[in-house]
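Just protein35.cif here, mmCIF, C-alpha atoms:
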data_model
loop_
_atom_site.group_PDB
_atom_site.id
_atom_site.type_symbol
_atom_site.label_atom_id
_atom_site.label_comp_id
_atom_site.auth_asym_id
_atom_site.auth_seq_id
_atom_site.Cartn_x
_atom_site.Cartn_y
_atom_site.Cartn_z
ATOM 1 C CA MET J 1 -6.340 -17.626 -6.639
ATOM 2 C CA THR J 2 -4.975 -15.802 -9.649
ATOM 3 C CA LYS J 3 -5.469 -16.699 -13.293
ATOM 4 C CA PHE J 4 -3.060 -19.120 -14.900
ATOM 5 C CA SER J 5 -1.945 -17.906 -18.271
ATOM 6 C CA VAL J 6 0.745 -19.085 -20.696
ATOM 7 C CA GLN J 7 1.450 -17.529 -24.077
ATOM 8 C CA PRO J 8 1.728 -19.872 -27.061
ATOM 9 C CA THR J 9 4.957 -20.671 -28.920
ATOM 10 C CA LYS J 10 5.585 -22.679 -32.100
ATOM 11 C CA SER J 11 5.648 -25.893 -30.084
ATOM 12 C CA SER J 12 3.491 -25.145 -27.064
ATOM 13 C CA PRO J 13 -0.131 -24.080 -26.660
ATOM 14 C CA ARG J 14 -1.859 -21.086 -25.135
ATOM 15 C CA ILE J 15 -3.174 -21.950 -21.690
ATOM 16 C CA GLU J 16 -5.770 -19.814 -19.899
ATOM 17 C CA PHE J 17 -7.282 -20.954 -16.610
ATOM 18 C CA ASP J 18 -9.765 -18.685 -14.868
ATOM 19 C CA PRO J 19 -10.475 -19.731 -11.278
ATOM 20 C CA LYS J 20 -13.568 -17.476 -11.051
ATOM 21 C CA SER J 21 -15.495 -18.976 -13.955
ATOM 22 C CA GLY J 22 -13.924 -22.449 -13.782
ATOM 23 C CA VAL J 23 -13.226 -22.233 -17.503
ATOM 24 C CA LEU J 24 -9.901 -23.661 -18.612
ATOM 25 C CA GLU J 25 -8.565 -23.421 -22.139
ATOM 26 C CA ILE J 26 -5.694 -25.122 -23.941
ATOM 27 C CA ARG J 27 -5.251 -24.235 -27.593
ATOM 28 C CA GLY J 28 -2.641 -24.676 -30.277
ATOM 29 C CA GLU J 29 0.264 -27.007 -30.897
ATOM 30 C CA SER J 30 2.069 -29.146 -28.373
ATOM 31 C CA TYR J 31 5.473 -30.731 -28.935
ATOM 32 C CA PRO J 32 7.686 -29.024 -26.360
ATOM 33 C CA GLU J 33 11.168 -30.330 -25.657
ATOM 34 C CA ASN J 34 10.075 -31.568 -22.251
ATOM 35 C CA CYS J 35 6.404 -32.077 -21.416
ATOM 36 C CA SER J 36 6.931 -32.448 -17.658
ATOM 37 C CA THR J 37 8.740 -29.119 -17.511
ATOM 38 C CA PHE J 38 6.175 -27.356 -19.680
ATOM 39 C CA TYR J 39 2.988 -28.779 -18.139
ATOM 40 C CA GLY J 40 4.273 -29.125 -14.539
ATOM 41 C CA PRO J 41 3.132 -25.627 -13.462
ATOM 42 C CA MET J 42 -0.317 -26.257 -14.990
ATOM 43 C CA PHE J 43 -0.775 -29.422 -12.896
ATOM 44 C CA ASP J 44 0.442 -27.574 -9.774
ATOM 45 C CA TRP J 45 -2.100 -24.825 -10.421
ATOM 46 C CA LEU J 46 -4.913 -27.360 -10.937
ATOM 47 C CA ASN J 47 -4.046 -29.247 -7.766
ATOM 48 C CA ARG J 48 -4.187 -26.012 -5.789
ATOM 49 C CA TYR J 49 -7.402 -25.061 -7.558
ATOM 50 C CA PHE J 50 -9.118 -28.257 -6.473
ATOM 51 C CA THR J 51 -7.860 -28.149 -2.892
ATOM 52 C CA GLU J 52 -7.662 -24.444 -1.974
ATOM 53 C CA ALA J 53 -10.464 -23.043 -4.081
ATOM 54 C CA ASP J 54 -12.697 -26.083 -3.552
ATOM 55 C CA ALA J 55 -13.801 -25.880 -7.160
ATOM 56 C CA LYS J 56 -17.262 -27.285 -7.803
ATOM 57 C CA ARG J 57 -17.279 -27.098 -11.553
ATOM 58 C CA VAL J 58 -14.750 -27.098 -14.343
ATOM 59 C CA GLU J 59 -15.175 -26.570 -18.056
ATOM 60 C CA LEU J 60 -12.080 -27.472 -20.041
ATOM 61 C CA ASN J 61 -12.027 -26.343 -23.654
ATOM 62 C CA MET J 62 -9.300 -27.877 -25.764
ATOM 63 C CA GLU J 63 -8.496 -27.115 -29.360
ATOM 64 C CA MET J 64 -5.307 -28.787 -30.500
ATOM 65 C CA ILE J 65 -3.926 -28.649 -34.028
ATOM 66 C CA TYR J 66 -1.089 -31.101 -33.424
ATOM 67 C CA PHE J 67 0.386 -32.726 -30.327
ATOM 68 C CA ASN J 68 3.183 -35.270 -29.984
ATOM 69 C CA SER J 69 3.091 -38.598 -28.172
ATOM 70 C CA SER J 70 4.571 -37.204 -24.926
ATOM 71 C CA THR J 71 1.792 -34.614 -24.868
ATOM 72 C CA SER J 72 -0.755 -37.384 -25.425
ATOM 73 C CA LYS J 73 0.491 -39.015 -22.209
ATOM 74 C CA THR J 74 0.308 -35.663 -20.398
ATOM 75 C CA PHE J 75 -3.280 -35.091 -21.583
ATOM 76 C CA MET J 76 -4.234 -38.608 -20.442
ATOM 77 C CA ASP J 77 -2.821 -37.757 -16.990
ATOM 78 C CA LEU J 78 -4.867 -34.542 -17.049
ATOM 79 C CA PHE J 79 -8.086 -36.358 -17.999
ATOM 80 C CA ASP J 80 -7.415 -39.059 -15.374
ATOM 81 C CA MET J 81 -7.036 -36.358 -12.746
ATOM 82 C CA LEU J 82 -10.260 -34.652 -13.832
ATOM 83 C CA ASP J 83 -12.020 -38.034 -14.029
ATOM 84 C CA ASP J 84 -11.020 -38.695 -10.443
ATOM 85 C CA HIS J 85 -12.509 -35.391 -9.288
ATOM 86 C CA ALA J 86 -15.637 -35.970 -11.359
ATOM 87 C CA GLY J 87 -15.991 -39.380 -9.669
ATOM 88 C CA ARG J 88 -16.015 -37.563 -6.330
ATOM 89 C CA GLY J 89 -18.916 -35.358 -7.311
ATOM 90 C CA LYS J 90 -17.424 -32.374 -9.136
ATOM 91 C CA ALA J 91 -19.182 -31.282 -12.314
ATOM 92 C CA ILE J 92 -16.494 -31.569 -14.951
ATOM 93 C CA GLU J 93 -16.951 -31.118 -18.647
ATOM 94 C CA VAL J 94 -14.344 -31.386 -21.401
ATOM 95 C CA ASN J 95 -15.058 -29.893 -24.799
ATOM 96 C CA TRP J 96 -12.648 -31.404 -27.301
ATOM 97 C CA ARG J 97 -12.878 -29.005 -30.215
ATOM 98 C CA TYR J 98 -11.492 -29.847 -33.640
ATOM 99 C CA HIS J 99 -11.778 -28.355 -37.097
ATOM 100 C CA GLU J 100 -13.909 -30.383 -39.499
ATOM 101 C CA ASP J 101 -10.858 -30.927 -41.762
ATOM 102 C CA ASN J 102 -8.690 -32.197 -38.915
ATOM 103 C CA GLU J 103 -9.596 -35.879 -38.896
ATOM 104 C CA THR J 104 -6.563 -36.708 -36.749
ATOM 105 C CA ALA J 105 -7.666 -34.349 -33.966
ATOM 106 C CA GLN J 106 -11.136 -35.905 -34.112
ATOM 107 C CA GLU J 107 -9.744 -39.456 -33.781
ATOM 108 C CA CYS J 108 -7.506 -38.414 -30.881
ATOM 109 C CA GLY J 109 -10.530 -36.921 -29.125
ATOM 110 C CA GLU J 110 -12.494 -40.128 -29.639
ATOM 111 C CA GLU J 111 -9.678 -42.177 -28.126
ATOM 112 C CA PHE J 112 -9.488 -39.941 -25.052
ATOM 113 C CA MET J 113 -13.261 -40.116 -24.707
ATOM 114 C CA GLU J 114 -13.115 -43.944 -24.681
ATOM 115 C CA ASP J 115 -10.701 -43.789 -21.741
ATOM 116 C CA VAL J 116 -12.646 -41.575 -19.312
ATOM 117 C CA GLN J 117 -15.627 -42.613 -17.203
ATOM 118 C CA ASN J 118 -16.978 -39.746 -15.123
ATOM 119 C CA VAL J 119 -16.077 -36.612 -17.014
ATOM 120 C CA ARG J 120 -18.604 -35.346 -19.545
ATOM 121 C CA PHE J 121 -16.463 -35.510 -22.668
ATOM 122 C CA ASN J 122 -17.918 -33.742 -25.698
ATOM 123 C CA LEU J 123 -16.537 -33.838 -29.224
ATOM 124 C CA VAL J 124 -17.210 -30.479 -30.818
ATOM 125 C CA GLU J 125 -16.699 -30.040 -34.545
ATOM 126 C CA ILE J 126 -15.870 -26.546 -35.732
ATOM 127 C CA THR J 127 -16.926 -25.685 -39.266
ATOM 128 C CA GLY J 128 -15.896 -22.922 -41.614
ATOM 129 C CA MET K 129 35.558 -30.619 -51.064
ATOM 130 C CA THR K 130 33.607 -28.282 -53.362
ATOM 131 C CA PRO K 131 33.766 -30.524 -56.450
ATOM 132 C CA LYS K 132 32.148 -33.318 -54.444
ATOM 133 C CA MET K 133 29.202 -31.177 -53.451
ATOM 134 C CA TYR K 134 27.495 -31.414 -56.813
ATOM 135 C CA ASP K 135 27.844 -35.221 -56.791
ATOM 136 C CA CYS K 136 26.281 -35.288 -53.366
ATOM 137 C CA TYR K 137 23.471 -32.967 -54.518
ATOM 138 C CA GLU K 138 22.807 -34.997 -57.654
ATOM 139 C CA SER K 139 22.736 -38.281 -55.797
ATOM 140 C CA LEU K 140 20.299 -36.952 -53.172
ATOM 141 C CA MET K 141 18.011 -35.479 -55.846
ATOM 142 C CA GLY K 142 18.086 -38.791 -57.697
ATOM 143 C CA ASP K 143 16.858 -40.559 -54.568
ATOM 144 C CA GLY K 144 13.815 -38.302 -54.374
ATOM 145 C CA ILE K 145 15.100 -36.451 -51.345
ATOM 146 C CA ILE K 146 13.324 -33.233 -50.429
ATOM 147 C CA LEU K 147 15.262 -32.390 -47.325
ATOM 148 C CA TYR K 148 18.572 -33.544 -45.908
ATOM 149 C CA PHE K 149 19.982 -32.402 -42.602
ATOM 150 C CA ASN K 150 23.040 -33.559 -40.719
ATOM 151 C CA GLY K 151 24.184 -31.765 -37.614
ATOM 152 C CA PRO K 152 23.103 -30.571 -34.196
ATOM 153 C CA VAL K 153 19.370 -31.070 -33.588
ATOM 154 C CA SER K 154 17.942 -28.717 -30.987
ATOM 155 C CA GLN K 155 14.269 -28.103 -30.207
ATOM 156 C CA GLY K 156 14.592 -24.994 -32.418
ATOM 157 C CA VAL K 157 15.766 -27.151 -35.326
ATOM 158 C CA VAL K 158 12.840 -29.552 -34.755
ATOM 159 C CA GLU K 159 10.410 -26.606 -34.926
ATOM 160 C CA GLY K 160 12.101 -25.073 -37.966
ATOM 161 C CA VAL K 161 12.298 -28.263 -40.011
ATOM 162 C CA ALA K 162 8.765 -29.316 -39.054
ATOM 163 C CA ASP K 163 7.454 -25.896 -40.077
ATOM 164 C CA LEU K 164 9.308 -25.993 -43.366
ATOM 165 C CA MET K 165 7.850 -29.407 -44.204
ATOM 166 C CA ARG K 166 4.340 -28.347 -43.193
ATOM 167 C CA GLN K 167 4.580 -25.402 -45.593
ATOM 168 C CA ARG K 168 5.998 -27.600 -48.337
ATOM 169 C CA LEU K 169 3.239 -30.204 -47.937
ATOM 170 C CA ARG K 170 0.622 -27.470 -48.022
ATOM 171 C CA ASN K 171 2.068 -26.214 -51.319
ATOM 172 C CA GLU K 172 2.102 -29.724 -52.730
ATOM 173 C CA GLU K 173 -1.525 -30.123 -51.657
ATOM 174 C CA ALA K 174 -0.697 -33.421 -49.975
ATOM 175 C CA GLY K 175 -4.011 -33.415 -48.112
ATOM 176 C CA MET K 176 -4.548 -32.622 -44.452
ATOM 177 C CA LYS K 177 -4.517 -36.176 -43.144
ATOM 178 C CA LEU K 178 -1.343 -37.194 -44.977
ATOM 179 C CA SER K 179 0.391 -33.918 -44.081
ATOM 180 C CA HIS K 180 -0.518 -34.498 -40.466
ATOM 181 C CA ARG K 181 0.928 -38.022 -40.532
ATOM 182 C CA ILE K 182 4.202 -36.888 -42.088
ATOM 183 C CA PHE K 183 4.468 -33.970 -39.652
ATOM 184 C CA ALA K 184 3.850 -36.289 -36.689
ATOM 185 C CA ILE K 185 6.427 -38.861 -37.845
ATOM 186 C CA LEU K 186 8.982 -36.107 -38.443
ATOM 187 C CA VAL K 187 8.521 -34.590 -34.973
ATOM 188 C CA GLU K 188 8.688 -37.979 -33.220
ATOM 189 C CA GLN K 189 11.803 -38.977 -35.169
ATOM 190 C CA MET K 190 13.613 -35.690 -34.544
ATOM 191 C CA GLN K 191 12.704 -35.587 -30.864
ATOM 192 C CA ASN K 192 14.143 -39.085 -30.542
ATOM 193 C CA ILE K 193 17.459 -37.680 -31.793
ATOM 194 C CA VAL K 194 17.222 -34.808 -29.296
ATOM 195 C CA ARG K 195 16.592 -37.249 -26.444
ATOM 196 C CA TYR K 196 18.659 -40.277 -27.313
ATOM 197 C CA SER K 197 21.539 -39.460 -29.638
ATOM 198 C CA LYS K 198 24.827 -40.411 -28.004
ATOM 199 C CA GLU K 199 26.737 -37.949 -30.144
ATOM 200 C CA ARG K 200 26.393 -34.614 -28.422
ATOM 201 C CA GLU K 201 28.052 -31.228 -28.593
ATOM 202 C CA PRO K 202 28.437 -29.282 -25.376
ATOM 203 C CA VAL K 203 26.878 -25.824 -25.547
ATOM 204 C CA ASP K 204 27.680 -24.405 -22.144
ATOM 205 C CA VAL K 205 29.564 -25.025 -18.934
ATOM 206 C CA ASP K 206 26.471 -26.365 -17.142
ATOM 207 C CA GLY K 207 26.775 -29.556 -19.138
ATOM 208 C CA GLU K 208 23.886 -28.765 -21.470
ATOM 209 C CA SER K 209 24.440 -30.403 -24.824
ATOM 210 C CA ILE K 210 22.901 -30.588 -28.267
ATOM 211 C CA ALA K 211 22.338 -33.933 -29.931
ATOM 212 C CA ASN K 212 23.749 -34.734 -33.341
ATOM 213 C CA GLY K 213 21.784 -36.578 -35.944
ATOM 214 C CA GLN K 214 20.656 -37.005 -39.506
ATOM 215 C CA VAL K 215 17.207 -36.236 -40.912
ATOM 216 C CA ILE K 216 15.966 -37.108 -44.384
ATOM 217 C CA VAL K 217 12.555 -36.472 -45.911
ATOM 218 C CA GLY K 218 11.810 -37.695 -49.394
ATOM 219 C CA ARG K 219 9.465 -39.435 -51.767
ATOM 220 C CA GLU K 220 9.500 -43.024 -52.950
ATOM 221 C CA ASP K 221 9.246 -43.847 -56.659
ATOM 222 C CA ASP K 222 5.528 -44.427 -56.151
ATOM 223 C CA GLY K 223 5.114 -40.930 -54.679
ATOM 224 C CA ARG K 224 4.716 -41.886 -51.029
ATOM 225 C CA TYR K 225 6.560 -39.709 -48.531
ATOM 226 C CA PHE K 226 9.108 -41.042 -46.089
ATOM 227 C CA VAL K 227 10.968 -39.690 -43.081
ATOM 228 C CA ALA K 228 14.298 -41.233 -42.092
ATOM 229 C CA CYS K 229 16.503 -40.381 -39.152
ATOM 230 C CA GLY K 230 19.871 -41.603 -37.961
ATOM 231 C CA ASN K 231 21.951 -41.097 -34.866
ATOM 232 C CA ARG K 232 24.532 -42.782 -32.691
ATOM 233 C CA ILE K 233 23.275 -44.836 -29.787
ATOM 234 C CA ALA K 234 25.017 -46.715 -26.989
ATOM 235 C CA ALA K 235 25.875 -50.158 -28.394
ATOM 236 C CA ALA K 236 24.401 -51.688 -25.250
ATOM 237 C CA ASP K 237 20.956 -50.203 -26.053
ATOM 238 C CA GLY K 238 20.732 -51.918 -29.448
ATOM 239 C CA ASP K 239 19.007 -55.110 -28.327
ATOM 240 C CA ARG K 240 16.415 -53.308 -26.236
ATOM 241 C CA LEU K 241 15.643 -50.992 -29.144
ATOM 242 C CA SER K 242 15.313 -53.899 -31.603
ATOM 243 C CA GLU K 243 13.000 -55.714 -29.254
ATOM 244 C CA LYS K 244 10.721 -52.665 -28.944
ATOM 245 C CA LEU K 245 10.668 -52.044 -32.693
ATOM 246 C CA ASN K 246 10.075 -55.684 -33.609
ATOM 247 C CA ARG K 247 7.222 -55.789 -31.146
ATOM 248 C CA VAL K 248 5.373 -52.815 -32.648
ATOM 249 C CA SER K 249 6.182 -53.936 -36.192
ATOM 250 C CA SER K 250 4.447 -57.249 -35.586
ATOM 251 C CA MET K 251 1.159 -55.586 -34.586
ATOM 252 C CA ASN K 252 -1.792 -54.660 -36.755
ATOM 253 C CA LYS K 253 -3.493 -51.255 -36.430
ATOM 254 C CA GLU K 254 -6.055 -52.462 -33.880
ATOM 255 C CA GLU K 255 -3.355 -54.093 -31.702
ATOM 256 C CA LEU K 256 -1.266 -50.934 -31.988
ATOM 257 C CA LYS K 257 -4.174 -48.823 -30.771
ATOM 258 C CA ARG K 258 -4.658 -51.046 -27.714
ATOM 259 C CA TYR K 259 -0.921 -51.152 -26.979
ATOM 260 C CA TYR K 260 -0.694 -47.353 -27.346
ATOM 261 C CA LYS K 261 -3.523 -46.838 -24.895
ATOM 262 C CA ASP K 262 -2.075 -49.372 -22.417
ATOM 263 C CA CYS K 263 1.351 -47.715 -22.480
ATOM 264 C CA ARG K 264 -0.192 -44.247 -22.220
ATOM 265 C CA ARG K 265 -1.932 -45.279 -19.005
ATOM 266 C CA ARG K 266 0.924 -47.316 -17.571
ATOM 267 C CA GLY K 267 3.588 -44.652 -18.002
ATOM 268 C CA PRO K 268 7.066 -44.913 -19.490
ATOM 269 C CA ASP K 269 9.823 -47.461 -18.858
ATOM 270 C CA PRO K 270 12.589 -46.223 -16.555
ATOM 271 C CA ASP K 271 14.966 -45.860 -19.520
ATOM 272 C CA SER K 272 12.607 -43.573 -21.407
ATOM 273 C CA LYS K 273 13.089 -39.802 -21.540
ATOM 274 C CA GLY K 274 9.641 -39.115 -22.924
ATOM 275 C CA ALA K 275 6.339 -40.944 -22.625
ATOM 276 C CA GLY K 276 7.766 -44.038 -24.344
ATOM 277 C CA LEU K 277 5.079 -43.821 -27.011
ATOM 278 C CA GLY K 278 7.086 -42.530 -29.977
ATOM 279 C CA PHE K 279 7.636 -45.818 -31.811
ATOM 280 C CA ILE K 280 4.029 -46.901 -31.324
ATOM 281 C CA GLU K 281 2.815 -43.521 -32.549
ATOM 282 C CA MET K 282 5.001 -43.811 -35.665
ATOM 283 C CA ALA K 283 3.876 -47.377 -36.328
ATOM 284 C CA ARG K 284 0.252 -46.201 -36.141
ATOM 285 C CA LYS K 285 0.927 -43.422 -38.647
ATOM 286 C CA ALA K 286 3.091 -45.552 -40.957
ATOM 287 C CA GLU K 287 2.201 -47.455 -44.077
ATOM 288 C CA GLY K 288 3.746 -50.848 -43.396
ATOM 289 C CA PRO K 289 6.349 -51.875 -40.811
ATOM 290 C CA LEU K 290 9.057 -49.592 -39.435
ATOM 291 C CA ASP K 291 12.290 -50.154 -41.340
ATOM 292 C CA TYR K 292 15.367 -49.838 -39.115
ATOM 293 C CA HIS K 293 19.018 -50.768 -39.024
ATOM 294 C CA ILE K 294 21.581 -50.871 -36.242
ATOM 295 C CA ARG K 295 25.204 -50.859 -37.322
ATOM 296 C CA PRO K 296 28.038 -51.279 -34.824
ATOM 297 C CA VAL K 297 30.520 -48.391 -34.982
ATOM 298 C CA ASP K 298 32.933 -49.333 -32.223
ATOM 299 C CA GLY K 299 32.673 -51.192 -28.929
ATOM 300 C CA GLU K 300 30.778 -48.365 -27.270
ATOM 301 C CA THR K 301 28.470 -47.011 -29.926
ATOM 302 C CA ALA K 302 26.313 -48.114 -32.815
ATOM 303 C CA PHE K 303 24.536 -46.143 -35.544
ATOM 304 C CA PHE K 304 20.762 -46.402 -35.464
ATOM 305 C CA SER K 305 18.754 -45.494 -38.538
ATOM 306 C CA MET K 306 15.059 -45.775 -39.176
ATOM 307 C CA LYS K 307 12.854 -45.036 -42.164
ATOM 308 C CA VAL K 308 9.111 -44.569 -41.869
ATOM 309 C CA VAL K 309 6.887 -44.402 -44.934
ATOM 310 C CA ALA K 310 3.735 -42.317 -44.461
#

For the structure just supplied, provide its representation as structure tokens.
Amino acid sequence: MTKFSVQPTKSSPRIEFDPKSGVLEIRGESYPENCSTFYGPMFDWLNRYFTEADAKRVELNMEMIYFNSSTSKTFMDLFDMLDDHAGRGKAIEVNWRYHEDNETAQECGEEFMEDVQNVRFNLVEITG
Amino acid sequence: MTPKMYDCYESLMGDGIILYFNGPVSQGVVEGVADLMRQRLRNEEAGMKLSHRIFAILVEQMQNIVRYSKEREPVDVDGESIANGQVIVGREDDGRYFVACGNRIAAADGDRLSEKLNRVSSMNKEELKRYYKDCRRRGPDPDSKGAGLGFIEMARKAEGPLDYHIRPVDGETAFFSMKVVA
């Protein structure tokens, strides 16, 4: 499988998924015009990654400055999907990174964490 | 019309209005206006949390225009169109910021919209959090073009209830306006 890579725009994040290392990254802002259109290819890639590549472990690093309510739904779908795989024995870790000044990003991370069961969900504060 | 422009300017300034926009709202306009306000709030040292709330309310409001405004201008032959709407950002006498948006809606959608807004307006912050999480899991209503979370998100970020008004324009359409104080 090849890497999945999307360049950031004003309203959409940088996405970098590396099938070799199992490290996935989503960083930036997210309020695209249409979340299904923007994130659709990412979900397709992940589904193939779990079936074709038989991924054993995934580390998802997320660092969001702002995301809209449609994106929040999309992220919940993403965490539900990962939670499902984690429930079936895959080692899945989510690092929800937020800047110490960004209280909103911290609260959003806490609310996602409350809604997953099997994934190891870590809140990581960035200082400086 | 030029003589009237000063009157319009003076009246808007008197109402504490920072930004007034009326016209086609594309995704590019959403990004531009949101960016402009973010910069402005940074300069006014509004504080990160408040800036974030205002930014979030502004994006949700403007994307509602993009998705739901019934007044649309065709842009190409494929039937793509740009929504028309009104966006106002300003400050109350007590200094609090507000974001107000207006657009035409189908008259038939008025009741459904009122019901949704009254429901979220009746909830306290804890109830809103639970409702937000329930809806996020359950997925949107069939009539929704997004995640169906916009009003709940705004109510969570707002100080006090969401203030809205629906005014019939003709048999087919009504004008929907909403003001959210951050």

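Here atom CA of Glu16 of chain J and atom CA of Thr127 of chain J stand 23.1 Å from one another.
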
I'd like a table as a Markdown table: residues in chain J with an atom no more than 12 Å from chain K, each row giving the shortest atom pair and its distance in Å to one decimal, all atoms listed in the file counted, sorted by chain and rising residue number.
| residue | atom | partner | partner_atom | distance |
| --- | --- | --- | --- | --- |
| J:Thr9 | CA | K:Glu159 | CA | 10.1 |
| J:Lys10 | CA | K:Glu159 | CA | 6.8 |
| J:Ser11 | CA | K:Glu159 | CA | 6.8 |
| J:Ser12 | CA | K:Glu159 | CA | 10.6 |
| J:Glu29 | CA | K:Glu159 | CA | 10.9 |
| J:Ser30 | CA | K:Val187 | CA | 10.7 |
| J:Tyr31 | CA | K:Val187 | CA | 7.8 |
| J:Pro32 | CA | K:Gln155 | CA | 7.7 |
| J:Glu33 | CA | K:Gln155 | CA | 5.9 |
| J:Asn34 | CA | K:Gly274 | CA | 7.6 |
| J:Cys35 | CA | K:Gly274 | CA | 7.9 |
| J:Ser36 | CA | K:Gly274 | CA | 8.9 |
| J:Thr37 | CA | K:Gly274 | CA | 11.4 |
| J:Ile65 | CA | K:His180 | CA | 9.3 |
| J:Tyr66 | CA | K:His180 | CA | 7.8 |
| J:Phe67 | CA | K:Ala184 | CA | 8.1 |
| J:Asn68 | CA | K:Ala184 | CA | 6.8 |
| J:Ser69 | CA | K:Leu277 | CA | 5.7 |
| J:Ser70 | CA | K:Ala275 | CA | 4.7 |
| J:Thr71 | CA | K:Ala275 | CA | 8.1 |
| J:Ser72 | CA | K:Arg264 | CA | 7.6 |
| J:Lys73 | CA | K:Arg264 | CA | 5.3 |
| J:Thr74 | CA | K:Ala275 | CA | 8.3 |
| J:Phe75 | CA | K:Arg264 | CA | 9.7 |
| J:Met76 | CA | K:Arg264 | CA | 7.2 |
| J:Asp77 | CA | K:Arg265 | CA | 7.8 |
| J:Leu78 | CA | K:Arg265 | CA | 11.3 |
| J:Phe79 | CA | K:Arg265 | CA | 10.9 |
| J:Asp80 | CA | K:Arg265 | CA | 9.1 |
| J:His99 | CA | K:Met176 | CA | 11.2 |
| J:Glu100 | CA | K:Met176 | CA | 10.8 |
| J:Asp101 | CA | K:Met176 | CA | 7.1 |
| J:Asn102 | CA | K:Met176 | CA | 6.9 |
| J:Glu103 | CA | K:Lys177 | CA | 6.6 |
| J:Thr104 | CA | K:Lys177 | CA | 6.7 |
| J:Ala105 | CA | K:His180 | CA | 9.7 |
| J:Gln106 | CA | K:Lys177 | CA | 11.2 |
| J:Glu107 | CA | K:Lys177 | CA | 11.2 |
| J:Cys108 | CA | K:Lys257 | CA | 10.9 |
| J:Glu111 | CA | K:Lys261 | CA | 8.4 |
| J:Phe112 | CA | K:Lys261 | CA | 9.1 |
| J:Met113 | CA | K:Lys261 | CA | 11.8 |
| J:Glu114 | CA | K:Lys261 | CA | 10.0 |
| J:Asp115 | CA | K:Lys261 | CA | 8.4 |
| J:Val116 | CA | K:Arg265 | CA | 11.3 |

For Lys253 of chain K, which residue among K:Glu208, K:Asp135, K:Glu287, K:Glu199 is the nearest when counting only C-alpha atoms?
K:Glu287

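Using only C-alpha atoms, the nearest neighbour of Tyr148 of chain K within the list K:Met190, K:Glu201, K:Asp291, K:Ile216 is K:Ile216.
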
Coordinates of box centre and edge lengths for segment 83-102 of chain J, 6 Å on every side, axis-aligned, as lines of an AutoDock Vina configuration file:
center_x = -13.9
center_y = -33.9
center_z = -24.0
size_x = 22.5
size_y = 23.0
size_z = 47.4

In Å and to one decimal, atom CA of Gly22 of chain J is distant from atom CA of Glu59 of chain J by 6.1 Å

Rank K:Glu138, K:Thr130, K:Glu220, K:Ala236 by their smallest atom-to-atom distance to Glu300 of chain K, using only C-alpha atoms, and report the top residue only.
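The shortest atom-to-atom distance to Glu300 of chain K comes from K:Ala236.
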
Two-atom distance - atom CA of Arg166 of chain K, atom CA of Leu140 of chain K (Å):
20.7 Å

Shell of 12 Å around Ser21 of chain J, only C-alpha atoms, local chain residues under 4 positions omitted, as number ranges by chain
J: 1-3, 16-17, 25, 49, 53, 55-60

Could you tell me which residues the PyMOL selection byres ((chain K and resi 292-295) around 12) returns for this structure, as an mmCIF file with C-alpha atoms, in the coordinates of the input?
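Writing done, so here's out34.cif:
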data_model
loop_
_atom_site.group_PDB
_atom_site.id
_atom_site.type_symbol
_atom_site.label_atom_id
_atom_site.label_comp_id
_atom_site.auth_asym_id
_atom_site.auth_seq_id
_atom_site.Cartn_x
_atom_site.Cartn_y
_atom_site.Cartn_z
ATOM 1 C CA VAL K 227 10.968 -39.690 -43.081
ATOM 2 C CA ALA K 228 14.298 -41.233 -42.092
ATOM 3 C CA CYS K 229 16.503 -40.381 -39.152
ATOM 4 C CA GLY K 230 19.871 -41.603 -37.961
ATOM 5 C CA ASN K 231 21.951 -41.097 -34.866
ATOM 6 C CA ARG K 232 24.532 -42.782 -32.691
ATOM 7 C CA ILE K 233 23.275 -44.836 -29.787
ATOM 8 C CA ALA K 234 25.017 -46.715 -26.989
ATOM 9 C CA ALA K 235 25.875 -50.158 -28.394
ATOM 10 C CA ALA K 236 24.401 -51.688 -25.250
ATOM 11 C CA ASP K 237 20.956 -50.203 -26.053
ATOM 12 C CA GLY K 238 20.732 -51.918 -29.448
ATOM 13 C CA ASP K 239 19.007 -55.110 -28.327
ATOM 14 C CA ARG K 240 16.415 -53.308 -26.236
ATOM 15 C CA LEU K 241 15.643 -50.992 -29.144
ATOM 16 C CA SER K 242 15.313 -53.899 -31.603
ATOM 17 C CA GLU K 243 13.000 -55.714 -29.254
ATOM 18 C CA LYS K 244 10.721 -52.665 -28.944
ATOM 19 C CA LEU K 245 10.668 -52.044 -32.693
ATOM 20 C CA ASN K 246 10.075 -55.684 -33.609
ATOM 21 C CA SER K 249 6.182 -53.936 -36.192
ATOM 22 C CA PHE K 279 7.636 -45.818 -31.811
ATOM 23 C CA PRO K 289 6.349 -51.875 -40.811
ATOM 24 C CA LEU K 290 9.057 -49.592 -39.435
ATOM 25 C CA ASP K 291 12.290 -50.154 -41.340
ATOM 26 C CA PRO K 296 28.038 -51.279 -34.824
ATOM 27 C CA VAL K 297 30.520 -48.391 -34.982
ATOM 28 C CA ASP K 298 32.933 -49.333 -32.223
ATOM 29 C CA GLY K 299 32.673 -51.192 -28.929
ATOM 30 C CA GLU K 300 30.778 -48.365 -27.270
ATOM 31 C CA THR K 301 28.470 -47.011 -29.926
ATOM 32 C CA ALA K 302 26.313 -48.114 -32.815
ATOM 33 C CA PHE K 303 24.536 -46.143 -35.544
ATOM 34 C CA PHE K 304 20.762 -46.402 -35.464
ATOM 35 C CA SER K 305 18.754 -45.494 -38.538
ATOM 36 C CA MET K 306 15.059 -45.775 -39.176
ATOM 37 C CA LYS K 307 12.854 -45.036 -42.164
ATOM 38 C CA VAL K 308 9.111 -44.569 -41.869
ATOM 39 C CA VAL K 309 6.887 -44.402 -44.934
#

Calculated over only C-alpha atoms, which of the candidates K:Arg168, K:Lys198, K:Arg284, K:Arg224 has the smallest distance to Ser250 of chain K?
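For Ser250 of chain K, the nearest of the given residues is K:Arg284.
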